[in-house]
Protein chains: 2
Amino acid sequence: MKPKHTFLHCLVLLSTMYTATILAQTELASWSDSQAKNRLMEYVSTVTTKGSSFVDTEQRVAVFDNDGTLWAEQPIYFQLVFAMDRLKAMQSQHPEWKTEEPFKSALAGDVKSALSSHENLAKLIFASHAGMSQVEFKQAVKEWITTAKHPTTGRKYTEMVYQPMLEVLDYLRANGFKTYIVSGGGIDFMRVWAEEVYGIPPEQVIGSSVEKTFTFNQDGSAQITRQSELNFNNDKEGKPVAIDAHIGRRPLIAFGNSDGDLAMMQYTMAGSGKRLAVYIHHTDKEREWAYDRDSHIGSLDKGLDYATEHKDDGWIIVDMKKDWKVVFSE
Amino acid sequence: MKPKHTFLHCLVLLSTMYTATILAQTELASWSDSQAKNRLMEYVSTVTTKGSSFVDTEQRVAVFDNDGTLWAEQPIYFQLVFAMDRLKAMQSQHPEWKTEEPFKSALAGDVKSALSSHENLAKLIFASHAGMSQVEFKQAVKEWITTAKHPTTGRKYTEMVYQPMLEVLDYLRANGFKTYIVSGGGIDFMRVWAEEVYGIPPEQVIGSSVEKTFTFNQDGSAQITRQSELNFNNDKEGKPVAIDAHIGRRPLIAFGNSDGDLAMMQYTMAGSGKRLAVYIHHTDKEREWAYDRDSHIGSLDKGLDYATEHKDDGWIIVDMKKDWKVVFSE
Ligand SMILES: [Ca+2]
Ligand SMILES: [Ca+2]
């Protein structure tokens with residue numbers, strides 16, 4: 001970039017900031033004027049205002065779980081729907097799946113049987129997510145995410161993201177935070193659409209992954225191939241380890257919705273200075289789903305107790321029903 | 001950040017940019033006015049000027065090997081010196097090392113015997129790099145890097161960085177590039193000092209790593225512990241895989257100095273559009289070291305042939321002796 005461009009760029013930036021000033025009045029517009037919202041805004045104000053709790057911009061890291069935190073996860077994780085749909089798209093090349101389990105059940109739409117064991121789940125995931133190049137896989141995700149519809153709402157999956165959380169992402173970025181996804185979901189599945197939907201670039205998306213290998217061909221082409229082996233399961237105690245590996249800094253703020261996020265949130269809160277851990281509690285069976293301790297997906301049990309016990313120490317439990325004026329983006 | 005701060009911040013930025021305009025005249029000042037420098041600057045101009053080869057800022061990724069590319073690596077990788085020094089610091093707690101190999105040789109300063117096999121190397125690395133918390137390890141690196149001196153030059157290791165490469169890092173960042181380290185060295189070893197020395201923040205440092213585990217304690221403290229097991233060896237075909245995992249974008253420019261960088265450079269060049277692969281060739285035995293094909297460290301053999309064959313297709317070989325006016329930063 002030439003100096004002239006840089007100068008112009010900053011002028012553009014300045015005018016954008018005037019607009020931001022106006023927008024700031026309506027930031028977190030989908031949040032009720034509740035304790036949850038006020039505590040979040042108070043916290044952000046504290047660490048961004050010069051004083052004893054001020055934190056430099058480069059240290060302002062906020063991490064977000066994805067399923068059940070940034071977008072919905074019922075009746076099953078959306079990535080599993082992708083896996084099922086992908087198997088259907090691949091079945092003509094795999095006649096053996098007609099008789100072989102768990103593929104037979106998966107193709108028949110019998111999700112319960114198909115996912116009846118960890119072993120079955122692994123088979124379905126690897127069959128749909130591995131044995132192809134990164135380029136092919138990302139193309140398949142891209143096609144699916146732009147066309148597939150949720151079974152009960154009929155919305156596209158990218159329209160099942162939570163409007164109040166999009167506002168939190170914008171709000172934190174406007175306050176100098178770098179926003180990261182730290183999800184049990186697949187890193188490459190999310191990276192395809194996270195930038196467009198959440199404004200989170202690939203290098204700030206952390207997730208589970210399969211092993212990959214690199215091949216260089218004599219014609220000058222090169223390929224990264226996805227292998228049928230788990231590389232990293234980004235859940236529970238894996239989350240703080242992945243944060244350390246990818247970011248190398250402890251977050252200031254962590255958002256989650258299940259016991260799978262508890263370790264990441266405790267890691268965040270164990271840092272020095274003021275930090276924030278926010279649980280999204282699914283309490284709204286009319287506008288979304290209501291579930292916690294006994295849910296087969298996104299179970300929030302130990303985390304709910306821990307957050308309740310520590311709510312005077314920076315832990316917030318967001319009550320979706322009361323704290324959110326709107327759930328999904330329009 | 002409040003709007004007022006943001007506005008002021010941008011004014012400060014503008015004045016910084018005026019300074020940058022003046023500095024731009026002396027950018028890459030330590031580079032001879034040679035083909036290598038001119039081709040690099042031509043390339044950057046091409047992808048940052050509106051036109052058919054223009055590349056958006058978010059796609060401007062440049063990756064740099066570290067040992068032998070950003071700082072020196074002779075007579076042995078500096079991190080190995082750290083390992084040896086660390087063993088010496090730890091020896092009082094390990095009386096068994098007095099008789100047990102490879103520790104006995106390492107403590108006696110007999111580097112050749114200590115490093116005589118991969119098995120020995122692994123033992124020394126794990127003993128010095130694992131079995132402690134991340135916090136303790138980083139503290140040990142910090143103390144070492146601020147005090148240790150290179151055996152032949154007497155300089156601190158952070159003064160063994162290449163001035164022309166610091167200028168390349170600044171130059172690329174001034175042109176909207178995000179600069180990453182992609183090194184066979186330890187990710188946590190480098191992250192301690194890379195921000196201060198290279199201006200590269202932790203989240204843009206990719207390296208080899210040991211396995212880690214997370215523990216949360218009842219008193220609210222939390223710890224990431226380094227285990228005596230290799231997690232990832234970031235060398236050769238591992239480098240493109242790690243780039244994909246951490247960045248999720250293919251680089252536009254890759255800098256390396258050995259065959260260990262060839263896969264990363266070929267991966268870079270296999271992308272669409274114009275890209276650049278730059279080998280630093282150690283040709284200056286007066287000011288630094290001269291080595292390539294037969295070196296026990298940083299061997300450049302296949303890579304040298306490949307780059308020579310493809311020098312009309314975006315591959316550059318930097319001749320340290322001819323292309324650099326200055327080697328080390330003052
Ligand atoms: Ca979740
Ligand atoms: Ca090297």
# chains A, B, ... in the order shown; residues from 1 in each chain; ligands from 1
>>> residues_around(residues="A:Gly273", least_positions_apart="2", cutoff="8 Å", atoms="only C-alpha atoms", output="compact mmCIF listing (two decimals) with N, CA and C atoms, in the first residue's frame")
# COMPACT_ATOMS: atom_id res chain seq x y z
N SER A 53 -7.73 -0.86 35.67
CA SER A 53 -8.18 -2.10 35.02
C SER A 53 -8.05 -2.05 33.50
N GLY A 271 -7.14 -16.14 34.94
CA GLY A 271 -6.14 -15.13 34.61
C GLY A 271 -6.17 -13.96 35.59
N ARG A 275 -11.94 -10.40 34.45
CA ARG A 275 -12.33 -11.17 33.27
C ARG A 275 -13.80 -11.54 33.37
>>> closest_atom_pairs(of="chain A", to="ligand 1", cutoff="10 Å", atoms="only C-alpha atoms and all ligand atoms", output="tab-separated table")
residue	atom	partner	partner_atom_place_in_ligand_line	distance
A:Phe64	CA	ligand 1	1 (Ca)	9.1
A:Asp65	CA	ligand 1	1 (Ca)	5.6
A:Asn66	CA	ligand 1	1 (Ca)	5.8
A:Asp67	CA	ligand 1	1 (Ca)	4.2
A:Gly68	CA	ligand 1	1 (Ca)	4.6
A:Thr69	CA	ligand 1	1 (Ca)	5.8
A:Leu70	CA	ligand 1	1 (Ca)	8.5
A:Trp71	CA	ligand 1	1 (Ca)	9.0
A:Ala72	CA	ligand 1	1 (Ca)	8.8
A:Glu73	CA	ligand 1	1 (Ca)	7.6
A:Tyr77	CA	ligand 1	1 (Ca)	9.2
A:Val182	CA	ligand 1	1 (Ca)	9.5
A:Ser183	CA	ligand 1	1 (Ca)	7.1
A:Gly184	CA	ligand 1	1 (Ca)	7.4
A:Gly185	CA	ligand 1	1 (Ca)	8.8
A:Asp235	CA	ligand 1	1 (Ca)	9.2
A:Phe255	CA	ligand 1	1 (Ca)	9.4
A:Gly256	CA	ligand 1	1 (Ca)	6.1
A:Asn257	CA	ligand 1	1 (Ca)	5.1
A:Ser258	CA	ligand 1	1 (Ca)	5.4
A:Asp259	CA	ligand 1	1 (Ca)	8.3
A:Gly260	CA	ligand 1	1 (Ca)	6.9
A:Asp261	CA	ligand 1	1 (Ca)	7.1
A:Tyr279	CA	ligand 1	1 (Ca)	9.9
A:Ile280	CA	ligand 1	1 (Ca)	9.2
A:Ile297	CA	ligand 1	1 (Ca)	8.2
A:Gly298	CA	ligand 1	1 (Ca)	5.4
A:Ser299	CA	ligand 1	1 (Ca)	8.5
A:Leu300	CA	ligand 1	1 (Ca)	9.3
>>> write_last_selection(atoms="N, CA, C and O atoms", output="tab-separated table (two decimals), in the first residue's frame")
chain	number	residue	atom	x	y	z
A	64	PHE	N	-15.56	-17.46	21.73
A	64	PHE	CA	-16.96	-17.86	21.65
A	64	PHE	C	-17.08	-19.31	21.21
A	64	PHE	O	-16.58	-19.68	20.15
A	65	ASP	N	-17.77	-20.11	22.01
A	65	ASP	CA	-18.24	-21.39	21.52
A	65	ASP	C	-19.19	-21.10	20.36
A	65	ASP	O	-19.73	-19.99	20.26
A	66	ASN	N	-19.41	-22.08	19.49
A	66	ASN	CA	-20.32	-21.82	18.36
A	66	ASN	C	-21.71	-22.45	18.54
A	66	ASN	O	-22.69	-21.74	18.71
A	67	ASP	N	-21.78	-23.78	18.56
A	67	ASP	CA	-23.10	-24.45	18.63
A	67	ASP	C	-23.80	-24.13	19.94
A	67	ASP	O	-23.29	-24.44	21.01
A	68	GLY	N	-24.96	-23.53	19.85
A	68	GLY	CA	-25.71	-23.18	21.05
A	68	GLY	C	-25.28	-21.88	21.69
A	68	GLY	O	-25.89	-21.42	22.66
A	69	THR	N	-24.21	-21.27	21.15
A	69	THR	CA	-23.74	-19.99	21.68
A	69	THR	C	-23.88	-18.89	20.62
A	69	THR	O	-24.38	-17.81	20.90
A	70	LEU	N	-23.42	-19.19	19.40
A	70	LEU	CA	-23.57	-18.21	18.31
A	70	LEU	C	-24.71	-18.59	17.36
A	70	LEU	O	-25.31	-17.73	16.74
A	71	TRP	N	-24.94	-19.88	17.21
A	71	TRP	CA	-26.10	-20.33	16.43
A	71	TRP	C	-26.72	-21.50	17.15
A	71	TRP	O	-26.15	-22.03	18.11
A	72	ALA	N	-27.92	-21.91	16.71
A	72	ALA	CA	-28.67	-22.96	17.40
A	72	ALA	C	-28.01	-24.33	17.19
A	72	ALA	O	-27.09	-24.47	16.37
A	73	GLU	N	-28.51	-25.33	17.94
A	73	GLU	CA	-27.89	-26.66	17.86
A	73	GLU	C	-28.92	-27.77	17.98
A	73	GLU	O	-28.58	-28.94	18.11
A	77	TYR	N	-26.79	-31.18	16.21
A	77	TYR	CA	-25.75	-30.27	15.71
A	77	TYR	C	-25.88	-30.15	14.19
A	77	TYR	O	-25.95	-31.16	13.49
A	182	VAL	N	-14.15	-20.78	19.38
A	182	VAL	CA	-13.47	-21.96	19.94
A	182	VAL	C	-14.55	-23.02	20.13
A	182	VAL	O	-15.25	-23.04	21.14
A	183	SER	N	-14.70	-23.87	19.12
A	183	SER	CA	-15.85	-24.76	19.05
A	183	SER	C	-15.45	-26.22	18.94
A	183	SER	O	-14.40	-26.55	18.39
A	184	GLY	N	-16.33	-27.09	19.46
A	184	GLY	CA	-16.15	-28.53	19.24
A	184	GLY	C	-16.40	-28.91	17.80
A	184	GLY	O	-16.01	-29.99	17.34
A	185	GLY	N	-17.07	-28.04	17.06
A	185	GLY	CA	-17.34	-28.29	15.64
A	185	GLY	C	-16.07	-28.29	14.81
A	185	GLY	O	-15.00	-27.92	15.29
A	235	ASP	N	-12.95	-29.97	22.68
A	235	ASP	CA	-14.05	-29.95	23.64
A	235	ASP	C	-13.47	-30.03	25.05
A	235	ASP	O	-12.33	-30.46	25.24
A	255	PHE	N	-17.46	-16.89	26.09
A	255	PHE	CA	-18.90	-17.18	25.99
A	255	PHE	C	-19.08	-18.66	25.67
A	255	PHE	O	-18.44	-19.18	24.75
A	256	GLY	N	-20.00	-19.31	26.38
A	256	GLY	CA	-20.29	-20.71	26.09
A	256	GLY	C	-21.73	-21.03	26.44
A	256	GLY	O	-22.48	-20.16	26.89
A	257	ASN	N	-22.12	-22.27	26.22
A	257	ASN	CA	-23.48	-22.66	26.60
A	257	ASN	C	-23.58	-24.03	27.24
A	257	ASN	O	-24.66	-24.45	27.61
A	258	SER	N	-22.46	-24.75	27.37
A	258	SER	CA	-22.58	-26.11	27.89
A	258	SER	C	-21.40	-26.46	28.79
A	258	SER	O	-20.43	-25.70	28.91
A	259	ASP	N	-21.48	-27.64	29.40
A	259	ASP	CA	-20.37	-28.11	30.24
A	259	ASP	C	-19.08	-28.25	29.42
A	259	ASP	O	-17.99	-28.19	29.99
A	260	GLY	N	-19.21	-28.43	28.12
A	260	GLY	CA	-18.04	-28.52	27.25
A	260	GLY	C	-17.23	-27.23	27.22
A	260	GLY	O	-16.07	-27.23	26.79
A	261	ASP	N	-17.84	-26.13	27.66
A	261	ASP	CA	-17.15	-24.84	27.68
A	261	ASP	C	-16.59	-24.48	29.05
A	261	ASP	O	-15.89	-23.47	29.19
A	279	TYR	N	-22.40	-17.59	30.27
A	279	TYR	CA	-23.15	-18.75	29.79
A	279	TYR	C	-24.45	-18.30	29.15
A	279	TYR	O	-25.20	-17.51	29.73
A	280	ILE	N	-24.73	-18.82	27.95
A	280	ILE	CA	-26.03	-18.62	27.31
A	280	ILE	C	-26.91	-19.78	27.77
A	280	ILE	O	-26.61	-20.95	27.47
A	297	ILE	N	-27.89	-32.84	23.84
A	297	ILE	CA	-27.00	-31.91	23.13
A	297	ILE	C	-26.83	-30.67	23.98
A	297	ILE	O	-27.80	-30.14	24.53
A	298	GLY	N	-25.61	-30.21	24.10
A	298	GLY	CA	-25.37	-28.96	24.83
A	298	GLY	C	-25.78	-29.01	26.28
A	298	GLY	O	-26.30	-28.03	26.82
A	299	SER	N	-25.51	-30.12	26.94
A	299	SER	CA	-25.90	-30.26	28.35
A	299	SER	C	-25.16	-29.24	29.23
A	299	SER	O	-23.94	-29.13	29.20
A	300	LEU	N	-25.97	-28.49	30.00
A	300	LEU	CA	-25.41	-27.48	30.91
A	300	LEU	C	-25.81	-27.86	32.32
A	300	LEU	O	-26.95	-27.63	32.74
>>> select_by_dssp(residues="stretch 140-322 of chain B", states="alpha helix (DSSP H)", output="ChimeraX atom specification")
/B:140-147,163-174,187-191,194-198,238-246,262-269,302-309,320-322
>>> closest_atom_pairs(of="chain A", to="chain B", cutoff="6 Å", atoms="only C-alpha atoms", output="tab-separated table")
residue	atom	partner	partner_atom	distance
A:Met1	CA	B:Asn175	CA	4.4
A:Pro3	CA	B:Thr21	CA	5.5
A:Thr21	CA	B:Pro3	CA	5.7
A:Thr48	CA	B:Met1	CA	5.2
A:Asn175	CA	B:Met1	CA	4.5
A:Pro202	CA	B:Gly248	CA	5.4
A:Glu203	CA	B:Ile247	CA	4.3
A:Phe214	CA	B:Glu237	CA	5.7
A:Ser221	CA	B:Ala270	CA	5.2
A:Ala222	CA	B:Tyr267	CA	5.7
A:Glu237	CA	B:Phe214	CA	5.7
A:His246	CA	B:Glu203	CA	5.9
A:Ile247	CA	B:Glu203	CA	4.3
A:Gly248	CA	B:Pro202	CA	5.4
A:Tyr267	CA	B:Ala222	CA	5.7
A:Ala270	CA	B:Ser221	CA	5.2
>>> residues_around(residues="A:Met41", least_positions_apart="5", cutoff="10 Å", atoms="only C-alpha atoms", output="number ranges by chain")
A: 28, 35-36, 46, 168, 171-172
>>> closest_residue(among="B:His129, B:His150, B:Arg155, B:His296", to="ligand 2", atoms="only C-alpha atoms and all ligand atoms")
B:His296
>>> select_by_dssp(residues="stretch 110-286 of chain B", states="strand (DSSP E)", output="ChimeraX atom specification")
/B:178-186,205-216,222-232,253-256,276-283
>>> closest_residue(among="A:Gly186, A:Gly51, A:Leu115, A:Thr158", to="A:Gln79", atoms="only C-alpha atoms")
A:Gly186
>>> residues_around(residues="stretch 59-62 of chain A", least_positions_apart="6", cutoff="7 Å", atoms="only C-alpha atoms", output="NGL selection string")
:A and (176-180 or 251-254)
>>> residues_around(residues="A:Asp323", least_positions_apart="3", cutoff="7 Å", atoms="only C-alpha atoms", output="PyMOL selection string")
chain A and resi 31-32+34+318-320
>>> residues_around(residues="B:Pro102", least_positions_apart="5", cutoff="8 Å", atoms="only C-alpha atoms", output="compact mmCIF listing (two decimals) with all heavy atoms, in the first residue's frame")
# COMPACT_ATOMS: atom_id res chain seq x y z
N SER B 113 28.23 -35.56 21.30
CA SER B 113 27.78 -36.83 21.89
C SER B 113 26.33 -36.72 22.35
O SER B 113 25.51 -37.63 22.13
CB SER B 113 28.64 -37.22 23.09
OG SER B 113 29.98 -37.37 22.70
N ALA B 114 26.02 -35.59 22.97
CA ALA B 114 24.66 -35.41 23.50
C ALA B 114 23.61 -35.50 22.41
O ALA B 114 22.52 -36.04 22.62
CB ALA B 114 24.56 -34.07 24.24
N LEU B 115 23.95 -34.99 21.22
CA LEU B 115 22.98 -34.95 20.13
C LEU B 115 23.22 -36.03 19.09
O LEU B 115 22.80 -35.90 17.93
CB LEU B 115 23.02 -33.57 19.45
CG LEU B 115 22.75 -32.36 20.35
CD1 LEU B 115 22.87 -31.07 19.55
CD2 LEU B 115 21.37 -32.46 20.98
N ASN B 120 18.40 -39.39 21.62
CA ASN B 120 19.06 -38.51 22.58
C ASN B 120 18.49 -37.10 22.52
O ASN B 120 18.23 -36.48 23.55
CB ASN B 120 20.57 -38.46 22.30
CG ASN B 120 21.29 -39.67 22.87
OD1 ASN B 120 20.69 -40.48 23.58
ND2 ASN B 120 22.56 -39.82 22.54
N LYS B 123 15.22 -36.93 24.24
CA LYS B 123 15.39 -36.97 25.70
C LYS B 123 15.78 -35.59 26.25
O LYS B 123 15.25 -35.13 27.27
CB LYS B 123 16.47 -37.99 26.10
CG LYS B 123 15.95 -39.41 26.17
CD LYS B 123 17.04 -40.35 26.69
CE LYS B 123 16.58 -41.80 26.58
NZ LYS B 123 17.70 -42.75 26.85
N LEU B 124 16.72 -34.94 25.57
CA LEU B 124 17.18 -33.63 26.02
C LEU B 124 16.08 -32.57 25.90
O LEU B 124 15.91 -31.73 26.77
CB LEU B 124 18.41 -33.18 25.22
CG LEU B 124 19.67 -34.03 25.41
CD1 LEU B 124 20.78 -33.55 24.47
CD2 LEU B 124 20.14 -33.99 26.86
>>> decode(residues="stretch 292-303 of chain B", atoms="all heavy atoms", output="mmCIF file, in the first residue's frame")
data_model
loop_
_atom_site.group_PDB
_atom_site.id
_atom_site.type_symbol
_atom_site.label_atom_id
_atom_site.label_comp_id
_atom_site.auth_asym_id
_atom_site.auth_seq_id
_atom_site.Cartn_x
_atom_site.Cartn_y
_atom_site.Cartn_z
ATOM 1 N N ASP B 292 25.339 -24.808 2.516
ATOM 2 C CA ASP B 292 24.085 -25.186 1.866
ATOM 3 C C ASP B 292 23.910 -26.697 1.827
ATOM 4 O O ASP B 292 23.473 -27.284 2.808
ATOM 5 C CB ASP B 292 23.923 -24.537 0.485
ATOM 6 C CG ASP B 292 25.144 -24.626 -0.416
ATOM 7 O OD1 ASP B 292 25.851 -25.662 -0.375
ATOM 8 O OD2 ASP B 292 25.393 -23.657 -1.174
ATOM 9 N N ARG B 293 24.310 -27.336 0.697
ATOM 10 C CA ARG B 293 23.926 -28.744 0.479
ATOM 11 C C ARG B 293 24.357 -29.711 1.581
ATOM 12 O O ARG B 293 23.596 -30.590 1.958
ATOM 13 C CB ARG B 293 24.494 -29.225 -0.864
ATOM 14 C CG ARG B 293 23.894 -28.442 -2.035
ATOM 15 C CD ARG B 293 24.402 -28.972 -3.375
ATOM 16 N NE ARG B 293 24.100 -28.025 -4.454
ATOM 17 C CZ ARG B 293 22.926 -27.988 -5.109
ATOM 18 N NH1 ARG B 293 21.981 -28.846 -4.820
ATOM 19 N NH2 ARG B 293 22.730 -27.095 -6.066
ATOM 20 N N ASP B 294 25.581 -29.572 2.079
ATOM 21 C CA ASP B 294 26.101 -30.591 2.993
ATOM 22 C C ASP B 294 26.040 -30.196 4.461
ATOM 23 O O ASP B 294 26.599 -30.881 5.317
ATOM 24 C CB ASP B 294 27.567 -30.903 2.624
ATOM 25 C CG ASP B 294 27.670 -31.381 1.191
ATOM 26 O OD1 ASP B 294 26.760 -32.138 0.767
ATOM 27 O OD2 ASP B 294 28.623 -30.988 0.488
ATOM 28 N N SER B 295 25.370 -29.107 4.754
ATOM 29 C CA SER B 295 25.360 -28.635 6.141
ATOM 30 C C SER B 295 24.552 -29.575 7.043
ATOM 31 O O SER B 295 23.524 -30.109 6.632
ATOM 32 C CB SER B 295 24.762 -27.227 6.190
ATOM 33 O OG SER B 295 24.669 -26.788 7.523
ATOM 34 N N HIS B 296 25.059 -29.793 8.254
ATOM 35 C CA HIS B 296 24.314 -30.607 9.224
ATOM 36 C C HIS B 296 23.116 -29.829 9.764
ATOM 37 O O HIS B 296 22.209 -30.390 10.356
ATOM 38 C CB HIS B 296 25.236 -31.038 10.379
ATOM 39 C CG HIS B 296 25.725 -29.892 11.213
ATOM 40 N ND1 HIS B 296 26.496 -28.871 10.704
ATOM 41 C CD2 HIS B 296 25.513 -29.576 12.516
ATOM 42 C CE1 HIS B 296 26.748 -27.990 11.666
ATOM 43 N NE2 HIS B 296 26.165 -28.390 12.754
ATOM 44 N N ILE B 297 23.133 -28.529 9.574
ATOM 45 C CA ILE B 297 22.015 -27.670 10.008
ATOM 46 C C ILE B 297 21.573 -26.841 8.816
ATOM 47 O O ILE B 297 22.395 -26.287 8.096
ATOM 48 C CB ILE B 297 22.459 -26.739 11.163
ATOM 49 C CG1 ILE B 297 22.367 -27.500 12.490
ATOM 50 C CG2 ILE B 297 21.640 -25.466 11.231
ATOM 51 C CD1 ILE B 297 22.675 -26.664 13.692
ATOM 52 N N GLY B 298 20.271 -26.756 8.609
ATOM 53 C CA GLY B 298 19.753 -25.909 7.532
ATOM 54 C C GLY B 298 20.227 -26.307 6.151
ATOM 55 O O GLY B 298 20.521 -25.446 5.310
ATOM 56 N N SER B 299 20.274 -27.600 5.892
ATOM 57 C CA SER B 299 20.733 -28.070 4.579
ATOM 58 C C SER B 299 19.806 -27.598 3.455
ATOM 59 O O SER B 299 18.589 -27.786 3.504
ATOM 60 C CB SER B 299 20.808 -29.604 4.598
ATOM 61 O OG SER B 299 20.926 -30.083 3.274
ATOM 62 N N LEU B 300 20.415 -26.953 2.456
ATOM 63 C CA LEU B 300 19.665 -26.457 1.300
ATOM 64 C C LEU B 300 20.206 -27.143 0.054
ATOM 65 O O LEU B 300 21.263 -26.777 -0.467
ATOM 66 C CB LEU B 300 19.829 -24.935 1.176
ATOM 67 C CG LEU B 300 19.116 -24.261 -0.010
ATOM 68 C CD1 LEU B 300 17.606 -24.461 0.061
ATOM 69 C CD2 LEU B 300 19.450 -22.773 -0.068
ATOM 70 N N ASP B 301 19.491 -28.180 -0.386
ATOM 71 C CA ASP B 301 19.975 -29.020 -1.492
ATOM 72 C C ASP B 301 18.894 -29.115 -2.575
ATOM 73 O O ASP B 301 18.944 -28.396 -3.571
ATOM 74 C CB ASP B 301 20.345 -30.389 -0.895
ATOM 75 C CG ASP B 301 20.893 -31.340 -1.951
ATOM 76 O OD1 ASP B 301 21.560 -30.856 -2.885
ATOM 77 O OD2 ASP B 301 20.632 -32.551 -1.831
ATOM 78 N N LYS B 302 17.877 -29.904 -2.327
ATOM 79 C CA LYS B 302 16.754 -29.997 -3.275
ATOM 80 C C LYS B 302 16.107 -28.635 -3.498
ATOM 81 O O LYS B 302 15.698 -28.301 -4.606
ATOM 82 C CB LYS B 302 15.682 -30.941 -2.729
ATOM 83 C CG LYS B 302 16.018 -32.402 -2.890
ATOM 84 C CD LYS B 302 14.885 -33.266 -2.360
ATOM 85 C CE LYS B 302 15.324 -34.730 -2.331
ATOM 86 N NZ LYS B 302 14.442 -35.567 -1.528
ATOM 87 N N GLY B 303 16.021 -27.880 -2.452
ATOM 88 C CA GLY B 303 15.390 -26.559 -2.527
ATOM 89 C C GLY B 303 16.179 -25.620 -3.430
ATOM 90 O O GLY B 303 15.601 -24.831 -4.180
#
